[in-house]
Every structure is written in structure tokens, then in C-alpha cells.
Protein chains: 2
Amino acid sequence: MSIQNVYRYVDEHLAEAVDLLNRLVRQPSISAQDRGIGQMAELCVRVLEEERVPVRLLELEGSPPLILGDAAGASPRRLMLYSHYDVQPVDPLEQWHSDPFEPTLRDGKLYGRGVSDNKGDLAARLFALRALRAVSGELPVGVTFMLEGEEEVGSPHLPALMERYGQLFLADAGILEARAMTPGGQPRVVLGVKGMLYVELIARAANQDQHSKLAPVVPSAAWRLNWALATLKATDERVLIGGFYDHVRDWQADELEALADLPDEDGRLLEELGLDAFLGQASGLEYRRRLYGQPTCNVCGIQSGYTGLGSKTVLPAEARAKLDFRLVPDQQPEEILRKLRQHLDQRGFSDIEIRSLGAGVAPARVPIRDPFAQFCAEVAETYYGSSALIFPTEPATIGLSTLNEFLPYTILLAPGAPGYWGSNIHAPNEHIRISDFADSIKFHALLLARFAHETL
Amino acid sequence: MSIQNVYRYVDEHLAEAVDLLNRLVRQPSISAQDRGIGQMAELCVRVLEEERVPVRLLELEGSPPLILGDAAGASPRRLMLYSHYDVQPVDPLEQWHSDPFEPTLRDGKLYGRGVSDNKGDLAARLFALRALRAVSGELPVGVTFMLEGEEEVGSPHLPALMERYGQLFLADAGILEARAMTPGGQPRVVLGVKGMLYVELIARAANQDQHSKLAPVVPSAAWRLNWALATLKATDERVLIGGFYDHVRDWQADELEALADLPDEDGRLLEELGLDAFLGQASGLEYRRRLYGQPTCNVCGIQSGYTGLGSKTVLPAEARAKLDFRLVPDQQPEEILRKLRQHLDQRGFSDIEIRSLGAGVAPARVPIRDPFAQFCAEVAETYYGSSALIFPTEPATIGLSTLNEFLPYTILLAPGAPGYWGSNIHAPNEHIRISDFADSIKFHALLLARFAHETL
């Protein structure tokens, strides 16, 4: 089989690949709002079966199904490919230029929620199978699909699902969500993820909102929450929760080398975001040390009282803030949750309720010199024609640590994403470039072909 | 004319009075959202004309019309009655047990937005006119109606309207919104109001919401706003804005006497609100000194980022808080606005935008021993059969100071409201007791009859 024939098939049938992605995007699947998840799982089963991938739905009480797809190949070797079929919410909807669930092509770009994160991955991988089979009649290696339905809410059931079904996901190595190229056009191999603790803080005062004339005498939930939050982080960004940094591991020497080898991207991002400077005036290596190495305490959302048009004189009875903490090795979400509770109690805020949203996710890192990492880098260099960059970690969170714990092979984030650095994932007007989507399909086809002969 | 015949007329025709109020309530008129204000003004004109009150619409660019109603009476004496035809927003709508704009009678109570604040006043006053004329064929005194359309947003155009049209509101004395009885059943005469500064604080960071993985490097609007707010008020409720208390006038001796004469109501309110204690553990006279005497810095609402169901990992680009400051003599809204700006600048928050919502309102107080105040107290004691209480001020805000500045007669808040202490004004399930509504009509009829013979 000549890989060039596979590439030609992809180019000639690209409209079909876009159709496949459009089908996936048209089905809303917002796990945070329990919207369309069941229908999306059914759709995934259909498209897998259409590509002749036998499917099993793995069920667990209270969890959307984990989907196992299991296609045999010419070689006994087998690659596990993880994607998730849920997407982020679409708020603020009014900032979208087209319906997030009606994929729209404009100027060579396809807009829609999930076109990049993460339905684009699934469509590209499936179409790579179709192209390989169309050209050679069979797959070069076995492929094990793992499709999760609640990645965007912190994968709360993934540990229990892995404990029960992990042994079904046989493979020699695994790839999580694909990574986009750098703005400079270099493919990325990413070896770790940050962990995550997501909580909601809730302050309550009187039994319902009151007229604000009572403010001299009646406690305000909005002020209570504001004061509590203000004790969590200083204006210099240092998290003030007692012991928060206790288990933060220093960078290893080879990790620091890898960080130093990465190109500068802060200047471009600064402009893109309309900012004068990053926090701490960081740039270059210092920017990367912060972005990849610092744990965070971020306010995802806050709400209390009257937030409509104009003025209303109300004294709020309830106030809520959603916070995410991105954790780095060796912080653990349970430990940070305990310290947060202790901190609020000690600062006089035992009245503030802490509600966990989703199970915590531990941070994870694969060692820099892992052989499968080198393999992914080499395939990417071959396909994309420029040297691959090794990132010790993502600044974001995926259930990598859970998979690494339960599956006995290396799992990492390889190049080949359909999205690019400007894809607006988790934001309005998420989109991909169609040319990147074609490359994503071809890269995955090459990766599978090469993996037949690779010894890890 | 026997006033007893008027009372009998009211009792026999009470259903018509409720119908009149229902008509007013069914028309939404939320000034904060510019909803239905024009239609409400038209409806006011219709119901005034139906009671044979000649009407003039007083127009001003950008303002809803101020409505002047001018009915002649047997005596040359004339009383001005102020009401407002706008209402508060209805959020949170889900806490209403019936549609706020479909008045609903349950257990002798009428529910709907505005039944108490302030459409009930207007309906009761108009029906008092109808009853007086039905019994004696004429009104005992002239009545000047002033109906404002933006009281609930701080009466931004009232000063300009008064400057242009004030001389049309001829009268010997004036009454603002009527006041409800105390829970102990005593009528209230209120001689002042707190002032008001209403602002929105807006923090902005990146040009749109970002994925929260960027939190180590990208500034957060939510944190900026939180930190800025935390500098405004300490957890002991003291406002920290430099010079905030500079012009707060001490209580006068006769004001303190009046406060000391007021009955305790804090115990009942505590229970009603489901609270263990008021701020500062205040009770009795200390509670009243706080409630009536302290200026406030209250968060009416705050919003940033994702506030929907479940979790979303977002780094907010914008955060907004609505604040009301209730001011006491001799604080001035312009002065406090200036000090707020200065405070934020000095604390490193010059990036926070301050947007004024509505014109500021100065605080105002009529002297304790004003003759018209004594007259109102005596009429109330006659009608309600219990001694009237003199309140040096409301804890709330009405455009009293504006009217006092432009109109050459005493204006105050007299008894006779259709609502009661539990009417939930500015809150879900606003309601009145029908028996109070009947009393409100009769009280206003008696007040007008007596005013014909009173010399101030």
C-alpha cells in the first residue's frame, strides 16, 4: 500500500469527511447540562458501525455510556485512540455568528461547537480508517476506540469505568485527544496534563432576596461570598489557601530543557487576546514556566442578586461562585478540597458551602524519554515536515492520569488535531480550517500504517 | 356629608376598586427593563379621566411622561398626591406562585407585581375620589396627582421635569407614597428618605472569555472585580471608601427621641427572614439607629463567566457588579461617586469602570415638628384608632429631596398604604390584604375631607 494513494483518497473524498463531522456536530451533547448525551452516544455507535468498527456500550449507573470500538488489523499490534463525544456549553450564545449546532462553512473554516474539541478528532480518525480500507482493503493495525461522554465535566465516572472495564481496552499504546500545531507550524507531542478540582462556593443569608433598604441590618450573601473569595488569592496571583503549594514538584532537568526548547508564543497570544501584558509581565521561558507549571485558582463564574438590565435595589439571599483549580504534580484534588474547607473555616467562613462539581482529576506526566513519545514525534516530523516539539505537560486537564493508572501502556497526546491555535475551543465561534482537517485524517492514516512496524 | 356614608360606599363597591387595581397591575411597567412603560402611562391617563380628573402629559426627551392630574374641589385648598406607575423587575420569576402580571386573589390577599408598590396607592386614591363624589357630588378639596414613570430606577429625570414643570403642581401640601402600618398596628408618618447612588462596576480583561487553562498567565475580570469590591467594605460592614462618612450628620435630639419612641420590630423581622441575628447583633434602639441612620454600600447583583448548570472551565473576560449606596444627610451622591473613583484609583483599580445607573438622589428630612406632619398623624389616629408613630426617615429612597427642592410646600410620607409589613415589595409574591386596601381608600377619603378645614 502506498500512503500517497491514501492521501489522494482523502483529498478526493474530503466532502464526505466533512459530512461525517457535520453529522456529529449537529447533535448537541453538553454534558454540563445533560443535553443530548444519550442521542450522541447512539450517533457514535452508528458512525462506528458504518465504518465497520464493532462496538460495545459500557454502562455504569449514573454515567453516560463509555463506548468501546474494536477494529482488527493486519498486524497483531493495536493502538488505542481516546476521544470524547460531549462538548462544552455554548454560552454566551449571542456572541456566536452562526448556530453552534448547525455547522457552517465560511472562508475555508467550519464553525460549530465541537468541530475542534473533540468531534473533529473522532471524525478524522474514523475517516482515516475508511481511507486505509478503501486503498488496501484492510487496516494495518488494530484500533481500539474509547469514546467518553463526560470529559467536559471532569470525567467523574472514568475511574469506576476503568476499574470495571479497563481490561477491555487492549493496546500497545494509546493516544488521547490530538494536539494542534504551534502557530509556527510545529507538531506537538504532549506528555502530561494538569489535574483539576472544580467546586461551587455557595453563600446564603436571609431566606429570600430582600429590599436593599435593609442593608444596614441584614447580612448579604453577595458580600459574604466576595469576602471569602478575596481570602483565596492575592492580587499578585498567589493562592493563599494554607498548604496549597506543599506538594508542587519542581521541574525535572529534562523537563526544563524541553520547556527551553519550545518556541515563544506569548507575543502572538498577547495580541490575539487584546492584552498589554501577561500576569507578572511574564514572557518567553518565564511565561512557559508559569503556564505549564503553576497550579491555579480560577473563578469560572459568579452570580448573585439582580443581573438583568438597569437597576434593581435588592439585597441578595444567595451567592454562588464556580471555581476550578488546575493542579500540578504531585498535588491531589482531595487534598486541595480539604485544605480549602480548612482555610475557609479558619478565616471565619464556615457558613460558605463547598459543593464539588465532578470528581477531582489528578495531574499526570509521562517521562520525557518514553519510546512511544519518540515514535509519535517522528511520524509527525515525516508528515508535517517540521521538527516536533515535546511538551512536558498541557496547561489543561484530561483524564490522562486515570487512564495511565488503569491501562498498562503509555498514553499521551500526539499531534494531528483538526483544530489550530485559533480554534476558540471552550469559547464562542469554535472552528477549524478544512485544510487542517484533511491533514488530521492523513496524519492518522500514516500513524496507523507506521505503527504496524514499530517496536516500542 | 357624613364620612360614614363614604365608608359604606367603599365597602359596597370594593369589588370595583379591586377591578381598578387589577387593570393597573395587568399592564407590566418595568422601568429598569423599559418594558410596558408607554402603555402604562396611557392606562394611567385613561383611569384618571374615567374618574373625571383632567390630565396633562408632561414630556421630556428620554423620559417616560410625568403625568399631572388636576381635580378641583369645593375648598380652594389643594393636596398633591405622588405615586409612581413603574414597578420593580420580577426576577427571580420561578419563585412566584402565580404570574406577577395576572393579579390573583388567594385567602383574602391579592398577589401581583405593584399591588403594593405602588399601583395600590394610585388605585386607592382614585377610588377615594369616586367614593367622595358618589356620596357628596364633589371633592372636598382640590387634588393634584403626580404620577412618575421611573421611580424604581432612581428618578433620573425628576429634577429636570421639576425644573420645567414644577410650577404646575400647585398645592398646600403633598404626600408621597403612602406608608403601611407597623406590625403592631400603628400608623406611620415618615419625614425623610435616604439618598441613593446606584452604580455598576465593570472589570474587563482579555477581549473574550478564554479556556481556564490560561489562568496562570491571563488576567481574570472576575478576580479583578472581586479584589476591587473587597476593598470597599470590611467584614465588620464598615465602608472603607476614603471620606465616605465625612458628611454624615449626627442625629438631632428630637429625632433620637422619635426613634426611641418607636416600637421594637427587629424580633419579628429576624424570624420572618430566617436569621439568627442582625448585623452587629443589633436589636431595639441600636437596630433602629443602624437601619435609619447608617449609609450603606450594598451589592445588588454580581455576574461573571459561566453561571449555568454544572461546570464550565472558563476564564471570564468581563465581570459586573451593581451597587447601591443608601446615603444619609448630608452625604451627596456626586460626592460619593467622586470618592469611589478616587478610592479605586488609589487602590490600584483604575481599570475598573464605574457606570452610573440613574441619577443620584440626595437624602432629605422634614423637621420633626412640621404642622402638616402633625395633621397627618391626627387623621391617621382618628381613622385607625391608634396613636401614630413619627419616623425621622425611611431606610429607603424616594425622590423626596427633589420634590422638596422644587415645590414650595411640605411633602412627606403619610399613612394609608394598601400594603402591610409583609407585602414582599421588590421581591417575589408581592401582595396586599384586601382589608388593608379598603382601609387605604377610606383613609384617603377622610384625609381629603379633613384637609378642607385644616390650616397649616
# chains A, B, ... in the order shown; residues from 1 in each chain; ligands from 1
>>> interface_residues(of="chain B", to="chain A", cutoff="7 Å", atoms="only C-alpha atoms", output="ChimeraX atom specification")
/B:32-33,88,153,206-207,209-211,213-219,222-223,226-227,230,273-275,278-279,290-291,294,296,298-307,309-316,324,357,395-396,426-427
>>> residues_around(residues="Leu57 (chain B)", least_positions_apart="2", cutoff="9 Å", atoms="only C-alpha atoms", output="tab-separated table (two decimals) with N, CA and C atoms, in the first residue's frame")
chain	number	residue	atom	x	y	z
B	41	ALA	N	-48.37	54.42	30.95
B	41	ALA	CA	-48.71	55.85	31.04
B	41	ALA	C	-50.08	56.10	30.39
B	45	VAL	N	-53.56	57.56	32.16
B	45	VAL	CA	-54.38	58.67	31.63
B	45	VAL	C	-55.84	58.24	31.57
B	55	VAL	N	-56.16	65.64	32.77
B	55	VAL	CA	-54.78	65.12	32.75
B	55	VAL	C	-53.92	65.93	31.79
B	59	GLU	N	-43.86	66.04	29.02
B	59	GLU	CA	-42.85	65.29	28.26
B	59	GLU	C	-41.46	65.90	28.44
B	65	PRO	N	-43.36	59.87	30.31
B	65	PRO	CA	-44.09	61.08	30.70
B	65	PRO	C	-44.35	61.17	32.20
B	66	LEU	N	-44.24	62.38	32.72
B	66	LEU	CA	-44.72	62.66	34.07
B	66	LEU	C	-46.17	63.07	33.90
B	67	ILE	N	-47.06	62.47	34.68
B	67	ILE	CA	-48.49	62.70	34.49
B	67	ILE	C	-49.01	63.65	35.57
B	68	LEU	N	-49.63	64.72	35.14
B	68	LEU	CA	-50.26	65.68	36.04
B	68	LEU	C	-51.77	65.49	35.96
B	69	GLY	N	-52.37	65.19	37.11
B	69	GLY	CA	-53.84	65.12	37.18
B	69	GLY	C	-54.31	66.24	38.09
>>> atom_distance(atom1="CA of Leu327 (chain B)", atom2="CA of His247 (chain B)")
10.0 Å
>>> select_by_dssp(residues="region 269-302 of chain A", states="helix (DSSP H, G or I)", output="PyMOL selection string")
chain A and resi 269-273+279-281+284-293
>>> residues_around(residues="region 432-448 of chain B", least_positions_apart="6", cutoff="8 Å", atoms="only C-alpha atoms", output="PyMOL selection string")
chain B and resi 3+6-7+10-11+14+79+108-111+115-116+120-121+124-125+127-129+131-132+140-141+376+379-380+383+416-420+423
>>> atom_distance(atom1="CA of Pro76 (chain B)", atom2="CA of Leu48 (chain B)")
20.7 Å
>>> residues_around(residues="Arg46 (chain B)", least_positions_apart="4", cutoff="12 Å", atoms="only C-alpha atoms", output="list of chain:residue names")
B:Leu20, B:Arg23, B:Leu24, B:Gln39, B:Met40, B:Ala41, B:Glu42, B:Glu50, B:Glu51, B:Arg52, B:Val53, B:Pro54, B:Val55, B:Arg56, B:Leu57, B:Ile67, B:Gly69, B:Leu126
